[in-house]
Amino acid sequence: MEQVLLIGGDDSGMPFRRLAYGGYPLISCNPDRLPQNLHELAKICDVVVVCADQIMGRVIADEIWHLLRRKIVISTTPGFDLSMLRDLYPLSKVCRCDLVLDGDVDRCLAVVSFGDSFSELDMASMKRIFSSIGEMLVINEPLFQEVRATISEGFSSLSELLRRLGPDDFQEYLLGWVMYCLGQMILKGNPIEGCRNPQGKVGGIGDQAPPSAGSKTSG
């Protein structure tokens, strides 16, 4: 398997750490404390995953771009579109990525946009890499900002709801059910507004229970 260099901190690129569980040889370093042997690491890797802010994203590119000829570079840096990534890594095959969500999760959705330099072999490599961390959704570049904005708005709404609910276990339990049912309705293609089908039955709720289901009662 490809040797992967992950440049990500404690709060960025966390799903990529699961590549090691998928059998990938993985080297990790923090973008805020780049190792002295970064050039050597860049030389031996096949794929570089850069999860950093814009300032450090530019610093990292300046350090190693010339060592990544024909190698795959995956960037999660907000604001770095494919055109900018091509400028930063002119010798590389670049991929723009947004992780949903970027945290300590078993599986996540990776929304990706590829450059035109990817071969069928490269695409197969990318599918294997992203299957180790979850699912890969390929979209074209013009849609990327719209998708990112939708994801951001969704997280902001849920974060505000969680803030309002507070840490009460019963409230978290109810919210877990709401999120589970909404997910089931979306997957089955049922309308969310109204939450009922013409027969008056609750629409889109699967028969299986959500992962944290259990009997609870409100005190």
# chains A, B, ... in the order shown; residues from 1 in each chain; ligands from 1
>>> select_by_dssp(residues="range 32-83 of chain A", states="helix (DSSP H, G or I)", output="list in words")
Leu38, His39, Glu40, Leu41, Ala42, Lys43, Ile44, Gln54, Ile55, Met56, Gly57, Arg58, Val59, Ile60, Ala61, Asp62, Glu63, Ile64, Trp65, His66, Leu67, Leu82 and Ser83 of chain A
>>> residues_around(residues="range 55-71 of chain A", least_positions_apart="2", cutoff="8 Å", atoms="only C-alpha atoms", output="list in words")
Pro31, Asp32, Leu38, His39, Ala42, Lys43, Asp46, Val47, Val48, Val50, Cys51, Ala52, Asp53, Val73, Thr77, Leu88, Tyr89, Pro90, Leu91, Ser92 and Lys93 of chain A
>>> closest_residue(among="A:Glu2, A:Asp116, A:Asp81, A:Glu172", to="Gly23 in chain A", atoms="only C-alpha atoms")
A:Glu2
>>> residues_around(residues="Leu175 in chain A", least_positions_apart="4", cutoff="9 Å", atoms="only C-alpha atoms", output="PyMOL selection string")
chain A and resi 161-162+170-171+179-180
